[in-house]
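J.: Questions regarding the structure given below will be posed in turn.
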Amino acid sequence: MKKIILIAAMSISILAHAQTKKIFTETASQKSSRLEWWTDARFGMFIHWGLYALPARHEWVKMRERMTDEQYQKYFDHFNPDEFDAKKWAKEAKAAGMKYAVLTSKHHEGFCLFDSKYTNYKATNTPAHRDLVKEFVDAFRAEGIKIGFYYSLLDWHHPDYTIDNCHPLRPADSLTNTQKDAYYTRVNKGRDMKKYQQYMKNQITELLTKYGKIDILWLDWTWQKGEKYGKHPQDWDALNLIKLVRKLQPNILVNNRLGLDQDGYADGGDFVTPEQVKPAELLKYKGKDWETCQTFSGSWGYYRDERTWKNQRQLLDLLITSVANGGNLILNVGPTARGEFDYRANHALDSLSYWMHANSRSIYNCTFPPEEYNLPKELNQRLTYNPATKKLYLQIFDYPSDGVLVLPGYNGKITYAQFLNDASEIQFHPSGPENKDLTLKLPKQKPPYEVPVIECTLTVK
Ligand code: GLC
């Protein structure tokens, strides 16, 4: 008997791990058509904007510095983004080649950029006096950019949201677990997560009914399974929340951070969200639907004194390596409290727009190529591939100073090659043992792009 129970328990946990339970009836091919615009797009803009732009020292500042609502209030009182012009943002996103944009409608601080009926803690009640979400939607949609809303599951302002280990009012780290338990019981008395769940449902309903078609909902985030003092799918009423979302916007894409995969659901989210990982780690997501979210510096919200900004090569590496492994990149901008992208963000976006103008054909509609085209790792080049046009793109990270680029095993595989930026021919000839390789003759002078791209027409049609 014991043994049977054990086996049953094991298979339940294996099943849970394998995420085989389903909430909806959608088939795999229906899902891939629903996601098609997004997998084709490959590149999006994340926008983290809220009251934390004023302290300008990380969007978690309220939590990190253990501020009370009263101490944080000055940012609400002074929120006056006089330079905010959503049309300008939309134009910059479009120029950089970003096809979708996801704005923080509410971040962990609880402040809402939209005019919600269910709270006073919103932009319309600050000196801004505007529904900033509405302006964002109108401007980005007008540029043909798909619309996404980030909505924080955490809320450091709502009176019913219980204090947890990521809350500004969490207990001191020095307390023992028994002392912490007593503290949580005391401070959470009277806080009712059921009411908070209803608040989220009400607000998400507003977001998904008042602004037209919404393409993405980016919910953030849920603790790992079993983490004490954290929150888990049932704390959000996650199952009913996702059902509500899909009922209101059947074609919407939802990320995986409601945590339903922890409960064994295969369709609790549409894509996984590796955050701030290095390009080399992206390989392991190949074959899944995924989007890596990345900052220009280290913070999501505007951080005045942050100095570790990624350079153009690092940004291109993230973008190209994402596509080369079949995923998306969503790159974040943290606008200032005056409502503008700061000079470093503008500089980065401009450099991406320069590169994308010439090379975006190797990004949109592309993915990893069939295995036979793989190149040895040591070459440090990346390959992207458009399955519809059957073009192969060689992204040259290490440009040969003598102009000689040998592609092992490539003889017979391509019929024509050209630089993508100016469609100028690249000549090649067979080389190596038994002429199995192909030597490309590049100009010694590298084209004026950090990562030049060679477009190859394949022999196979
Ligand atoms: C994290 C952070 C948050 C940021 C998000 C973006 O979960 O809590 O500040 O919004 O990642 O991916």
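Every chain in the structure tokens has a letter given in the order shown (A, B, ...), and although residue numbers restart at 1 in each chain, ligands are simply numbered from 1 in the order shown.
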Which parts of range 147-251 of chain A does DSSP call strand (DSSP E) when run on the backbone here, written out as a PyMOL selection string?

T.: chain A and resi 147-152+216-220

J.: Using only C-alpha atoms, which protein or nucleic acid residues come within 12 Å of Tyr399 in chain A? Drop anything in the same chain fewer than 4 positions from it, and give the result as a list in words.

T.: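 In the requested form, the answer reads Leu379, Asn380, Gln381, Leu394, Gln395, Gly403, Val404, Leu405, Val406, Leu440, Lys441, Leu442, Pro443, Lys444, Gln445, Lys446, Pro447, Pro448, Tyr449, Glu450, Val451, Pro452, Val453 and Ile454 of chain A.
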
J.: Now that the selection is made, can you save its residues with N, CA and C atoms as a short mmCIF file (atom, residue, chain, number, x, y, z; two decimals), in the first residue's frame?

T.:
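Generated file (result02.cif):
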```cif
data_model
loop_
_atom_site.label_atom_id
_atom_site.label_comp_id
_atom_site.auth_asym_id
_atom_site.auth_seq_id
_atom_site.Cartn_x
_atom_site.Cartn_y
_atom_site.Cartn_z
N LEU A 379 34.80 30.21 -34.07
CA LEU A 379 34.71 31.29 -35.06
C LEU A 379 34.04 32.54 -34.48
N ASN A 380 33.29 32.34 -33.38
CA ASN A 380 32.61 33.45 -32.72
C ASN A 380 31.75 34.28 -33.68
N GLN A 381 31.07 33.61 -34.58
CA GLN A 381 30.09 34.31 -35.43
C GLN A 381 28.72 33.74 -35.06
N LEU A 394 24.96 35.57 -41.79
CA LEU A 394 26.17 35.36 -41.01
C LEU A 394 26.50 36.69 -40.34
N GLN A 395 26.42 36.71 -39.01
CA GLN A 395 26.67 37.93 -38.26
C GLN A 395 28.13 37.91 -37.84
N GLY A 403 40.72 39.84 -44.20
CA GLY A 403 39.57 39.69 -45.09
C GLY A 403 39.26 38.24 -45.46
N VAL A 404 40.01 37.30 -44.91
CA VAL A 404 39.77 35.90 -45.29
C VAL A 404 38.90 35.21 -44.26
N LEU A 405 37.76 34.76 -44.69
CA LEU A 405 36.85 34.09 -43.75
C LEU A 405 36.52 32.69 -44.29
N VAL A 406 36.97 31.69 -43.56
CA VAL A 406 36.74 30.30 -44.01
C VAL A 406 35.54 29.72 -43.28
N LEU A 440 35.52 32.91 -48.00
CA LEU A 440 34.90 34.16 -48.44
C LEU A 440 35.97 35.24 -48.47
N LYS A 441 35.89 36.07 -49.52
CA LYS A 441 36.86 37.16 -49.67
C LYS A 441 36.20 38.47 -49.26
N LEU A 442 36.45 38.86 -48.02
CA LEU A 442 35.85 40.12 -47.54
C LEU A 442 36.84 41.26 -47.77
N PRO A 443 36.35 42.49 -47.87
CA PRO A 443 37.29 43.61 -47.96
C PRO A 443 38.05 43.73 -46.64
N LYS A 444 39.31 44.16 -46.73
CA LYS A 444 40.09 44.31 -45.49
C LYS A 444 39.47 45.37 -44.59
N GLN A 445 38.91 46.35 -45.24
CA GLN A 445 38.24 47.43 -44.50
C GLN A 445 36.85 46.96 -44.06
N LYS A 446 36.67 46.85 -42.76
CA LYS A 446 35.36 46.40 -42.24
C LYS A 446 34.27 47.42 -42.57
N PRO A 447 33.12 46.98 -43.05
CA PRO A 447 32.02 47.94 -43.30
C PRO A 447 31.69 48.69 -41.99
N PRO A 448 31.12 49.87 -42.11
CA PRO A 448 30.96 50.72 -40.92
C PRO A 448 29.82 50.28 -40.00
N TYR A 449 29.82 49.02 -39.63
CA TYR A 449 28.81 48.49 -38.71
C TYR A 449 29.53 47.66 -37.67
N GLU A 450 29.15 47.82 -36.42
CA GLU A 450 29.81 47.07 -35.34
C GLU A 450 29.80 45.57 -35.65
N VAL A 451 28.65 45.08 -36.10
CA VAL A 451 28.56 43.68 -36.52
C VAL A 451 28.03 43.67 -37.96
N PRO A 452 28.91 43.52 -38.96
CA PRO A 452 28.42 43.43 -40.33
C PRO A 452 27.72 42.09 -40.56
N VAL A 453 26.83 42.08 -41.53
CA VAL A 453 26.06 40.86 -41.78
C VAL A 453 26.22 40.44 -43.24
N ILE A 454 26.45 39.15 -43.45
CA ILE A 454 26.49 38.62 -44.81
C ILE A 454 25.22 37.81 -45.06
#
```

J.: Where does chain A meet ligand 1 within 9 Å, residue by residue, with the nearest atom pair and distance in Å to one decimal for each, counting only C-alpha atoms and all ligand atoms, listed by chain and rising number, as a Markdown table?

T.:
```
| residue | atom | partner | partner_atom_place_in_ligand_line | distance |
| --- | --- | --- | --- | --- |
| A:Phe46 | CA | ligand 1 | 6 (C) | 8.5 |
| A:His48 | CA | ligand 1 | 10 (O) | 6.9 |
| A:His58 | CA | ligand 1 | 9 (O) | 8.2 |
| A:Glu59 | CA | ligand 1 | 9 (O) | 5.9 |
| A:Trp60 | CA | ligand 1 | 9 (O) | 6.3 |
| A:Thr104 | CA | ligand 1 | 10 (O) | 7.9 |
| A:His107 | CA | ligand 1 | 10 (O) | 6.9 |
| A:His108 | CA | ligand 1 | 9 (O) | 7.3 |
| A:Tyr150 | CA | ligand 1 | 10 (O) | 8.2 |
| A:Ser152 | CA | ligand 1 | 10 (O) | 7.8 |
| A:Leu154 | CA | ligand 1 | 8 (O) | 8.7 |
| A:Trp218 | CA | ligand 1 | 12 (O) | 8.9 |
| A:Asp220 | CA | ligand 1 | 7 (O) | 6.0 |
| A:Trp221 | CA | ligand 1 | 7 (O) | 5.9 |
| A:Thr222 | CA | ligand 1 | 7 (O) | 8.7 |
| A:Arg257 | CA | ligand 1 | 7 (O) | 8.8 |
| A:Thr273 | CA | ligand 1 | 12 (O) | 7.6 |
| A:Pro274 | CA | ligand 1 | 12 (O) | 8.3 |
| A:Glu275 | CA | ligand 1 | 12 (O) | 5.8 |
| A:Gln276 | CA | ligand 1 | 12 (O) | 8.0 |
| A:Thr292 | CA | ligand 1 | 12 (O) | 8.6 |
| A:Cys293 | CA | ligand 1 | 12 (O) | 5.7 |
| A:Gln294 | CA | ligand 1 | 12 (O) | 7.5 |
| A:Thr295 | CA | ligand 1 | 6 (C) | 8.7 |
| A:Ser299 | CA | ligand 1 | 9 (O) | 7.8 |
| A:Trp300 | CA | ligand 1 | 4 (C) | 6.1 |
| A:Gly301 | CA | ligand 1 | 9 (O) | 7.6 |
| A:Asn332 | CA | ligand 1 | 6 (C) | 8.6 |
```

J.: Next, the residues of the selection above should be written as a PDB file, in the first residue's frame with C-alpha atoms.

T.:
```pdb
ATOM      1  CA  PHE A  46      10.202  47.687 -22.327  1.00  0.00           C
ATOM      2  CA  HIS A  48       9.671  51.159 -16.771  1.00  0.00           C
ATOM      3  CA  HIS A  58      16.280  51.985  -8.773  1.00  0.00           C
ATOM      4  CA  GLU A  59      12.626  51.036  -9.083  1.00  0.00           C
ATOM      5  CA  TRP A  60      12.920  48.979  -5.890  1.00  0.00           C
ATOM      6  CA  THR A 104       4.530  49.496 -16.691  1.00  0.00           C
ATOM      7  CA  HIS A 107       4.966  48.601 -10.881  1.00  0.00           C
ATOM      8  CA  HIS A 108       5.653  47.120  -7.435  1.00  0.00           C
ATOM      9  CA  TYR A 150       3.260  45.291 -17.639  1.00  0.00           C
ATOM     10  CA  SER A 152       2.885  44.149 -11.142  1.00  0.00           C
ATOM     11  CA  LEU A 154       3.356  42.822  -6.089  1.00  0.00           C
ATOM     12  CA  TRP A 218       3.359  41.101 -18.780  1.00  0.00           C
ATOM     13  CA  ASP A 220       5.334  40.278 -12.640  1.00  0.00           C
ATOM     14  CA  TRP A 221       6.129  38.077 -10.550  1.00  0.00           C
ATOM     15  CA  THR A 222       5.773  34.994  -8.319  1.00  0.00           C
ATOM     16  CA  ARG A 257       5.292  34.984 -14.267  1.00  0.00           C
ATOM     17  CA  THR A 273      11.250  35.292 -19.549  1.00  0.00           C
ATOM     18  CA  PRO A 274      14.981  34.870 -18.852  1.00  0.00           C
ATOM     19  CA  GLU A 275      15.912  38.127 -17.150  1.00  0.00           C
ATOM     20  CA  GLN A 276      19.261  39.883 -17.535  1.00  0.00           C
ATOM     21  CA  THR A 292      14.874  37.805 -22.680  1.00  0.00           C
ATOM     22  CA  CYS A 293      14.331  41.104 -20.870  1.00  0.00           C
ATOM     23  CA  GLN A 294      17.369  43.302 -20.520  1.00  0.00           C
ATOM     24  CA  THR A 295      18.319  46.757 -19.310  1.00  0.00           C
ATOM     25  CA  SER A 299      18.249  49.145 -13.276  1.00  0.00           C
ATOM     26  CA  TRP A 300      14.798  49.127 -14.907  1.00  0.00           C
ATOM     27  CA  GLY A 301      13.670  52.454 -13.550  1.00  0.00           C
ATOM     28  CA  ASN A 332      14.261  48.468 -21.423  1.00  0.00           C
TER      29      ASN A 332
END
```

J.: With only C-alpha atoms as the counted atoms, please give the residues lying no more than 10 Å from Gln197 in chain A, apart from itself and same-chain residues fewer than 3 positions off, as JSON, numbers by chain.

T.: {"A": [153, 160, 161, 192, 193, 194, 200, 201, 202, 203, 234, 235, 236, 237, 238, 240, 241]}

J.: Just asking: which residues within range 88-208 of chain A are alpha helix (DSSP H) according to DSSP, as a count of residues only?

T.: 46

J.: Would you mind listing what lies within 7 Å of Asp215 in chain A as an NGL selection string, with only C-alpha atoms counted and same-chain residues fewer than 6 positions away left out?

T.: :A and (146-148 or 252-253)

J.: Please produce a file of the residues just selected, as a PDB file, in the first residue's frame, where the atoms kept are C-alpha atoms.

T.:
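Result went into selection33.pdb, see below:
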```
ATOM      1  CA  LYS A 146       2.012  46.456 -30.833  1.00  0.00           C
ATOM      2  CA  ILE A 147       0.850  47.321 -27.335  1.00  0.00           C
ATOM      3  CA  GLY A 148       1.784  45.575 -24.121  1.00  0.00           C
ATOM      4  CA  ILE A 252      -3.345  38.327 -26.057  1.00  0.00           C
ATOM      5  CA  LEU A 253       0.101  36.972 -25.192  1.00  0.00           C
TER       6      LEU A 253
END
```

J.: Please build the interface table for range 80-113 of chain A against range 49-57 of chain A with a cut-off of 8 Å, listing for each qualifying residue the nearest atom pair and the distance in Å to one decimal; count only C-alpha atoms, order rows by chain and increasing number, and write it as JSON lines.

T.:
```
{"residue": "A:Leu103", "atom": "CA", "partner": "A:Trp49", "partner_atom": "CA", "distance": 7.5}
{"residue": "A:Thr104", "atom": "CA", "partner": "A:Trp49", "partner_atom": "CA", "distance": 6.2}
{"residue": "A:Lys106", "atom": "CA", "partner": "A:Gly50", "partner_atom": "CA", "distance": 7.7}
{"residue": "A:His107", "atom": "CA", "partner": "A:Gly50", "partner_atom": "CA", "distance": 7.1}
{"residue": "A:Glu109", "atom": "CA", "partner": "A:Leu51", "partner_atom": "CA", "distance": 8.0}
{"residue": "A:Phe111", "atom": "CA", "partner": "A:Gly50", "partner_atom": "CA", "distance": 6.9}
{"residue": "A:Cys112", "atom": "CA", "partner": "A:Gly50", "partner_atom": "CA", "distance": 7.8}
{"residue": "A:Leu113", "atom": "CA", "partner": "A:Gly50", "partner_atom": "CA", "distance": 7.1}
```
